[in-house]
Amino acid sequence: MITVSDLCHEFRIGKKGKERVVPVLHHINLHVERGEIVTVVGRSGSGKSTLLNLVSGYIRPTAGQLVIDGRNVTKLSEGEWADFRLEKFGFIFQSFQLIPSMTAFENVELPLVLKGMEVGERRRRTEAMLKRVGLDPYAGHYPGELSGGQQQRVSIARALIVNPPIILADEPTGSLDTENEQSLLDFIRELNREQGITFLIITHDEQVASIGHRKVVIQDGRLVDSLSLVKGGLR
Ligand SMILES: Nc1ncnc2c1ncn2[C@@H]1O[C@H](COP(=O)(O)OP(=O)(O)O)[C@@H](O)[C@H]1O
Ligand SMILES: [Mg+2]
């Protein structure tokens with residue numbers, strides 16, 4: 001589902017002419033099968049978020065190739081990436097990334113607006129999705145009026161609303177208490193089992209890292225280990 005081949009990334013910082021090159025990722029090879037949950041674990045600064053930003057097309061690799069759902073996306077334009085992203089990915093972030101001036105309903109509905117879906121269909125789907133994550137009573141609340149766990153559920157509803165085949169998560173439990181963390185991890189497993197959604201989850205938390213089928217370890221921008229966590233491969 002996701003194939004990263006020999007991917008390298010360096011940032012250029014400083015003024016033009018006096019730029020300094022900061023190599024961050026070195027020859028990353030990673031394959032995530034359809035229906036697999038893969039976690040990427042590593043210390044802060046090891047390059048995890050950069051890897052996720054490359055996979056989601058927010059930055060372009062310095063070298064290497066990226067194939068997602070059979071399509072070579074390494075050289076897509078910004079516009080092509082925007083469409084591709086809406087079709088293939090749902091995102092879950094540590095900081096939820098909700099729009100504070102929009103209600104829970106409007107936040108969840110937004111990807112459908114971007115897709116140009118007709119208003120009646122959009123509303124029906126959004127209502128159903130809010131119900132699914134148990135937030136229908138909070139549809140009219142703004143993010144600032146919701147708890148951390150509720151905000152995370154809004155962000156998950158927003159990620160799921162387009163039925164994406166892949167969910168990318170960057171430190172999804174980083175702002176949650178233990179109880180909400182456990183319920184999010186349970187929900188991720190359920191979505192994977194029941195809908196076959198593929199997950200790539202970045203974390204520095206060893207417990208979160210152990211929920212998937214496979215865990216890869218990143219150290220100073222290099223993948224140094226890959227551990228299968230299910231005996232006999234995928235169910
Ligand atoms: N936009 C950027 N410009 C320059 N350096 C960056 C940028 N983003 C990240 N870095 C550097 O790349 C390295 C990896 O960062 P990041 O991918 O955020 O790590 P992690 O998510 O594992 O904590 C760090 O040294 C960070 O300072
Ligand atoms: Mg990070």
# chains A, B, ... in the order shown; residues from 1 in each chain; ligands from 1
$ select_by_dssp --residues "region 12-202 of chain A" --states "strand (DSSP E or B)" --output "PyMOL selection string"
chain A and resi 12-13+20-32+37-41+63-68+71-72+89-93+166-170+198-202
$ residues_around --residues "Glu109 (chain A)" --least-positions-apart "5" --cutoff "8 Å" --atoms "only C-alpha atoms" --output "ChimeraX atom specification"
/A:122-123,126,158,161
$ residues_near_ligand --ligand "ligand 1" --cutoff "6 Å" --atoms "only C-alpha atoms and all ligand atoms" --output "MDAnalysis selection string"
chainID A and resid 11 13 24 43:50
$ write_last_selection --atoms "N, CA and C atoms" --output "PDB file, in the first residue's frame"
ATOM      1  N   PHE A  11      17.108  19.141   4.712  1.00  0.00           N
ATOM      2  CA  PHE A  11      16.548  20.486   4.770  1.00  0.00           C
ATOM      3  C   PHE A  11      17.656  21.480   4.447  1.00  0.00           C
ATOM      4  N   ILE A  13      18.667  25.251   5.378  1.00  0.00           N
ATOM      5  CA  ILE A  13      18.303  26.345   6.269  1.00  0.00           C
ATOM      6  C   ILE A  13      19.270  27.514   6.109  1.00  0.00           C
ATOM      7  N   VAL A  24      18.488  14.731   7.037  1.00  0.00           N
ATOM      8  CA  VAL A  24      17.601  14.251   8.109  1.00  0.00           C
ATOM      9  C   VAL A  24      17.208  12.777   7.916  1.00  0.00           C
ATOM     10  N   ARG A  43      13.363   8.265  18.893  1.00  0.00           N
ATOM     11  CA  ARG A  43      13.452   9.408  19.795  1.00  0.00           C
ATOM     12  C   ARG A  43      13.066  10.694  19.082  1.00  0.00           C
ATOM     13  N   SER A  44      12.834  11.692  19.886  1.00  0.00           N
ATOM     14  CA  SER A  44      12.550  13.014  19.350  1.00  0.00           C
ATOM     15  C   SER A  44      13.730  13.473  18.482  1.00  0.00           C
ATOM     16  N   GLY A  45      13.428  13.996  17.299  1.00  0.00           N
ATOM     17  CA  GLY A  45      14.480  14.483  16.410  1.00  0.00           C
ATOM     18  C   GLY A  45      15.056  13.431  15.482  1.00  0.00           C
ATOM     19  N   SER A  46      14.533  12.197  15.544  1.00  0.00           N
ATOM     20  CA  SER A  46      15.113  11.129  14.723  1.00  0.00           C
ATOM     21  C   SER A  46      14.632  11.173  13.270  1.00  0.00           C
ATOM     22  N   GLY A  47      13.595  11.980  12.999  1.00  0.00           N
ATOM     23  CA  GLY A  47      13.133  12.116  11.619  1.00  0.00           C
ATOM     24  C   GLY A  47      11.755  11.525  11.352  1.00  0.00           C
ATOM     25  N   LYS A  48      11.020  11.171  12.398  1.00  0.00           N
ATOM     26  CA  LYS A  48       9.718  10.514  12.228  1.00  0.00           C
ATOM     27  C   LYS A  48       8.708  11.416  11.514  1.00  0.00           C
ATOM     28  N   SER A  49       8.566  12.638  12.001  1.00  0.00           N
ATOM     29  CA  SER A  49       7.569  13.532  11.382  1.00  0.00           C
ATOM     30  C   SER A  49       7.961  13.874   9.950  1.00  0.00           C
ATOM     31  N   THR A  50       9.258  14.019   9.715  1.00  0.00           N
ATOM     32  CA  THR A  50       9.722  14.288   8.349  1.00  0.00           C
ATOM     33  C   THR A  50       9.308  13.140   7.425  1.00  0.00           C
TER      34      THR A  50
END
$ select_by_dssp --residues "region 12-231 of chain A" --states "helix (DSSP H, G or I)" --output "JSON, numbers by chain"
{"A": [48, 49, 50, 51, 52, 53, 54, 55, 78, 79, 80, 81, 82, 83, 84, 85, 86, 87, 88, 104, 105, 106, 107, 108, 109, 110, 111, 112, 113, 114, 115, 119, 120, 121, 122, 123, 124, 125, 126, 127, 128, 129, 130, 131, 132, 136, 137, 138, 143, 144, 145, 148, 149, 150, 151, 152, 153, 154, 155, 156, 157, 158, 159, 160, 178, 179, 180, 181, 182, 183, 184, 185, 186, 187, 188, 189, 190, 191, 192, 193, 194, 195, 206, 207, 208, 209]}
$ closest_residue --among "A:Asp170, A:Asp6, A:Asp225, A:Glu36" --to "ligand 2" --atoms "only C-alpha atoms and all ligand atoms"
A:Asp170
$ decode --residues "region 174-189 of chain A" --atoms "all heavy atoms" --output "PDB file, in the first residue's frame"
ATOM      1  N   GLY A 174      -0.395  11.519  21.976  1.00  0.00           N
ATOM      2  CA  GLY A 174       0.501  12.401  22.718  1.00  0.00           C
ATOM      3  C   GLY A 174      -0.169  13.371  23.669  1.00  0.00           C
ATOM      4  O   GLY A 174       0.407  13.768  24.672  1.00  0.00           O
ATOM      5  N   SER A 175      -1.431  13.764  23.368  1.00  0.00           N
ATOM      6  CA  SER A 175      -2.111  14.721  24.240  1.00  0.00           C
ATOM      7  C   SER A 175      -3.239  14.079  25.036  1.00  0.00           C
ATOM      8  O   SER A 175      -4.100  14.778  25.550  1.00  0.00           O
ATOM      9  CB  SER A 175      -2.710  15.856  23.412  1.00  0.00           C
ATOM     10  OG  SER A 175      -1.749  16.419  22.569  1.00  0.00           O
ATOM     11  N   LEU A 176      -3.264  12.748  25.102  1.00  0.00           N
ATOM     12  CA  LEU A 176      -4.398  12.090  25.744  1.00  0.00           C
ATOM     13  C   LEU A 176      -4.017  11.473  27.090  1.00  0.00           C
ATOM     14  O   LEU A 176      -2.880  11.055  27.292  1.00  0.00           O
ATOM     15  CB  LEU A 176      -4.943  10.978  24.827  1.00  0.00           C
ATOM     16  CG  LEU A 176      -5.446  11.416  23.453  1.00  0.00           C
ATOM     17  CD1 LEU A 176      -5.924  10.214  22.652  1.00  0.00           C
ATOM     18  CD2 LEU A 176      -6.564  12.451  23.575  1.00  0.00           C
ATOM     19  N   ASP A 177      -4.995  11.404  28.002  1.00  0.00           N
ATOM     20  CA  ASP A 177      -4.753  10.685  29.258  1.00  0.00           C
ATOM     21  C   ASP A 177      -4.855   9.177  28.978  1.00  0.00           C
ATOM     22  O   ASP A 177      -5.249   8.757  27.892  1.00  0.00           O
ATOM     23  CB  ASP A 177      -5.750  11.133  30.333  1.00  0.00           C
ATOM     24  CG  ASP A 177      -7.186  10.933  29.901  1.00  0.00           C
ATOM     25  OD1 ASP A 177      -7.482   9.965  29.165  1.00  0.00           O
ATOM     26  OD2 ASP A 177      -8.040  11.763  30.281  1.00  0.00           O
ATOM     27  N   THR A 178      -4.497   8.369  29.977  1.00  0.00           N
ATOM     28  CA  THR A 178      -4.394   6.923  29.768  1.00  0.00           C
ATOM     29  C   THR A 178      -5.684   6.306  29.248  1.00  0.00           C
ATOM     30  O   THR A 178      -5.667   5.468  28.344  1.00  0.00           O
ATOM     31  CB  THR A 178      -4.030   6.225  31.102  1.00  0.00           C
ATOM     32  OG1 THR A 178      -3.066   7.056  31.747  1.00  0.00           O
ATOM     33  CG2 THR A 178      -3.453   4.859  30.875  1.00  0.00           C
ATOM     34  N   GLU A 179      -6.812   6.767  29.806  1.00  0.00           N
ATOM     35  CA  GLU A 179      -8.086   6.169  29.430  1.00  0.00           C
ATOM     36  C   GLU A 179      -8.431   6.464  27.970  1.00  0.00           C
ATOM     37  O   GLU A 179      -8.807   5.569  27.208  1.00  0.00           O
ATOM     38  CB  GLU A 179      -9.170   6.755  30.338  1.00  0.00           C
ATOM     39  CG  GLU A 179     -10.465   6.007  30.318  1.00  0.00           C
ATOM     40  CD  GLU A 179     -11.484   6.689  31.234  1.00  0.00           C
ATOM     41  OE1 GLU A 179     -11.065   7.200  32.307  1.00  0.00           O
ATOM     42  OE2 GLU A 179     -12.655   6.742  30.859  1.00  0.00           O
ATOM     43  N   ASN A 180      -8.262   7.733  27.574  1.00  0.00           N
ATOM     44  CA  ASN A 180      -8.544   8.102  26.184  1.00  0.00           C
ATOM     45  C   ASN A 180      -7.541   7.470  25.226  1.00  0.00           C
ATOM     46  O   ASN A 180      -7.872   7.132  24.094  1.00  0.00           O
ATOM     47  CB  ASN A 180      -8.531   9.622  26.026  1.00  0.00           C
ATOM     48  CG  ASN A 180      -9.840  10.250  26.476  1.00  0.00           C
ATOM     49  OD1 ASN A 180     -10.901   9.868  26.010  1.00  0.00           O
ATOM     50  ND2 ASN A 180      -9.761  11.185  27.407  1.00  0.00           N
ATOM     51  N   GLU A 181      -6.305   7.308  25.691  1.00  0.00           N
ATOM     52  CA  GLU A 181      -5.291   6.646  24.869  1.00  0.00           C
ATOM     53  C   GLU A 181      -5.727   5.217  24.578  1.00  0.00           C
ATOM     54  O   GLU A 181      -5.712   4.773  23.426  1.00  0.00           O
ATOM     55  CB  GLU A 181      -3.932   6.640  25.584  1.00  0.00           C
ATOM     56  CG  GLU A 181      -2.941   5.697  24.907  1.00  0.00           C
ATOM     57  CD  GLU A 181      -1.519   5.814  25.438  1.00  0.00           C
ATOM     58  OE1 GLU A 181      -1.091   6.952  25.728  1.00  0.00           O
ATOM     59  OE2 GLU A 181      -0.853   4.777  25.556  1.00  0.00           O
ATOM     60  N   GLN A 182      -6.162   4.510  25.614  1.00  0.00           N
ATOM     61  CA  GLN A 182      -6.568   3.119  25.423  1.00  0.00           C
ATOM     62  C   GLN A 182      -7.751   3.034  24.476  1.00  0.00           C
ATOM     63  O   GLN A 182      -7.786   2.184  23.594  1.00  0.00           O
ATOM     64  CB  GLN A 182      -6.914   2.498  26.789  1.00  0.00           C
ATOM     65  CG  GLN A 182      -6.963   0.979  26.757  1.00  0.00           C
ATOM     66  CD  GLN A 182      -5.719   0.368  26.094  1.00  0.00           C
ATOM     67  OE1 GLN A 182      -4.587   0.683  26.479  1.00  0.00           O
ATOM     68  NE2 GLN A 182      -5.911  -0.451  25.066  1.00  0.00           N
ATOM     69  N   SER A 183      -8.719   3.949  24.622  1.00  0.00           N
ATOM     70  CA  SER A 183      -9.893   3.832  23.754  1.00  0.00           C
ATOM     71  C   SER A 183      -9.539   4.178  22.308  1.00  0.00           C
ATOM     72  O   SER A 183     -10.069   3.575  21.370  1.00  0.00           O
ATOM     73  CB  SER A 183     -11.083   4.607  24.310  1.00  0.00           C
ATOM     74  OG  SER A 183     -11.052   5.933  23.919  1.00  0.00           O
ATOM     75  N   LEU A 184      -8.587   5.107  22.111  1.00  0.00           N
ATOM     76  CA  LEU A 184      -8.148   5.387  20.736  1.00  0.00           C
ATOM     77  C   LEU A 184      -7.443   4.168  20.131  1.00  0.00           C
ATOM     78  O   LEU A 184      -7.700   3.792  18.982  1.00  0.00           O
ATOM     79  CB  LEU A 184      -7.214   6.604  20.702  1.00  0.00           C
ATOM     80  CG  LEU A 184      -6.582   6.891  19.331  1.00  0.00           C
ATOM     81  CD1 LEU A 184      -7.640   7.171  18.273  1.00  0.00           C
ATOM     82  CD2 LEU A 184      -5.613   8.062  19.400  1.00  0.00           C
ATOM     83  N   LEU A 185      -6.578   3.530  20.906  1.00  0.00           N
ATOM     84  CA  LEU A 185      -5.852   2.362  20.386  1.00  0.00           C
ATOM     85  C   LEU A 185      -6.825   1.230  20.042  1.00  0.00           C
ATOM     86  O   LEU A 185      -6.680   0.564  19.012  1.00  0.00           O
ATOM     87  CB  LEU A 185      -4.785   1.898  21.375  1.00  0.00           C
ATOM     88  CG  LEU A 185      -3.666   2.921  21.649  1.00  0.00           C
ATOM     89  CD1 LEU A 185      -2.658   2.363  22.651  1.00  0.00           C
ATOM     90  CD2 LEU A 185      -2.967   3.367  20.380  1.00  0.00           C
ATOM     91  N   ASP A 186      -7.845   1.050  20.898  1.00  0.00           N
ATOM     92  CA  ASP A 186      -8.868   0.028  20.606  1.00  0.00           C
ATOM     93  C   ASP A 186      -9.607   0.352  19.309  1.00  0.00           C
ATOM     94  O   ASP A 186      -9.884  -0.529  18.499  1.00  0.00           O
ATOM     95  CB  ASP A 186      -9.890  -0.061  21.754  1.00  0.00           C
ATOM     96  CG  ASP A 186      -9.275  -0.646  23.022  1.00  0.00           C
ATOM     97  OD1 ASP A 186      -8.186  -1.255  22.934  1.00  0.00           O
ATOM     98  OD2 ASP A 186      -9.876  -0.475  24.102  1.00  0.00           O
ATOM     99  N   PHE A 187      -9.915   1.639  19.130  1.00  0.00           N
ATOM    100  CA  PHE A 187     -10.663   2.068  17.942  1.00  0.00           C
ATOM    101  C   PHE A 187      -9.821   1.863  16.676  1.00  0.00           C
ATOM    102  O   PHE A 187     -10.323   1.422  15.638  1.00  0.00           O
ATOM    103  CB  PHE A 187     -11.074   3.536  18.102  1.00  0.00           C
ATOM    104  CG  PHE A 187     -12.090   4.011  17.092  1.00  0.00           C
ATOM    105  CD1 PHE A 187     -13.184   3.226  16.748  1.00  0.00           C
ATOM    106  CD2 PHE A 187     -11.959   5.252  16.500  1.00  0.00           C
ATOM    107  CE1 PHE A 187     -14.127   3.674  15.817  1.00  0.00           C
ATOM    108  CE2 PHE A 187     -12.890   5.715  15.569  1.00  0.00           C
ATOM    109  CZ  PHE A 187     -13.973   4.919  15.233  1.00  0.00           C
ATOM    110  N   ILE A 188      -8.525   2.139  16.773  1.00  0.00           N
ATOM    111  CA  ILE A 188      -7.622   1.921  15.634  1.00  0.00           C
ATOM    112  C   ILE A 188      -7.630   0.445  15.233  1.00  0.00           C
ATOM    113  O   ILE A 188      -7.779   0.105  14.054  1.00  0.00           O
ATOM    114  CB  ILE A 188      -6.190   2.403  15.969  1.00  0.00           C
ATOM    115  CG1 ILE A 188      -6.147   3.934  15.971  1.00  0.00           C
ATOM    116  CG2 ILE A 188      -5.167   1.829  14.980  1.00  0.00           C
ATOM    117  CD1 ILE A 188      -4.821   4.539  16.407  1.00  0.00           C
ATOM    118  N   ARG A 189      -7.527  -0.442  16.226  1.00  0.00           N
ATOM    119  CA  ARG A 189      -7.542  -1.878  15.918  1.00  0.00           C
ATOM    120  C   ARG A 189      -8.860  -2.295  15.287  1.00  0.00           C
ATOM    121  O   ARG A 189      -8.903  -3.096  14.368  1.00  0.00           O
ATOM    122  CB  ARG A 189      -7.302  -2.693  17.192  1.00  0.00           C
ATOM    123  CG  ARG A 189      -5.858  -2.656  17.632  1.00  0.00           C
ATOM    124  CD  ARG A 189      -5.545  -3.885  18.482  1.00  0.00           C
ATOM    125  NE  ARG A 189      -4.426  -3.636  19.349  1.00  0.00           N
ATOM    126  CZ  ARG A 189      -4.528  -3.124  20.573  1.00  0.00           C
ATOM    127  NH1 ARG A 189      -5.707  -2.821  21.077  1.00  0.00           N
ATOM    128  NH2 ARG A 189      -3.457  -2.912  21.294  1.00  0.00           N
TER     129      ARG A 189
END
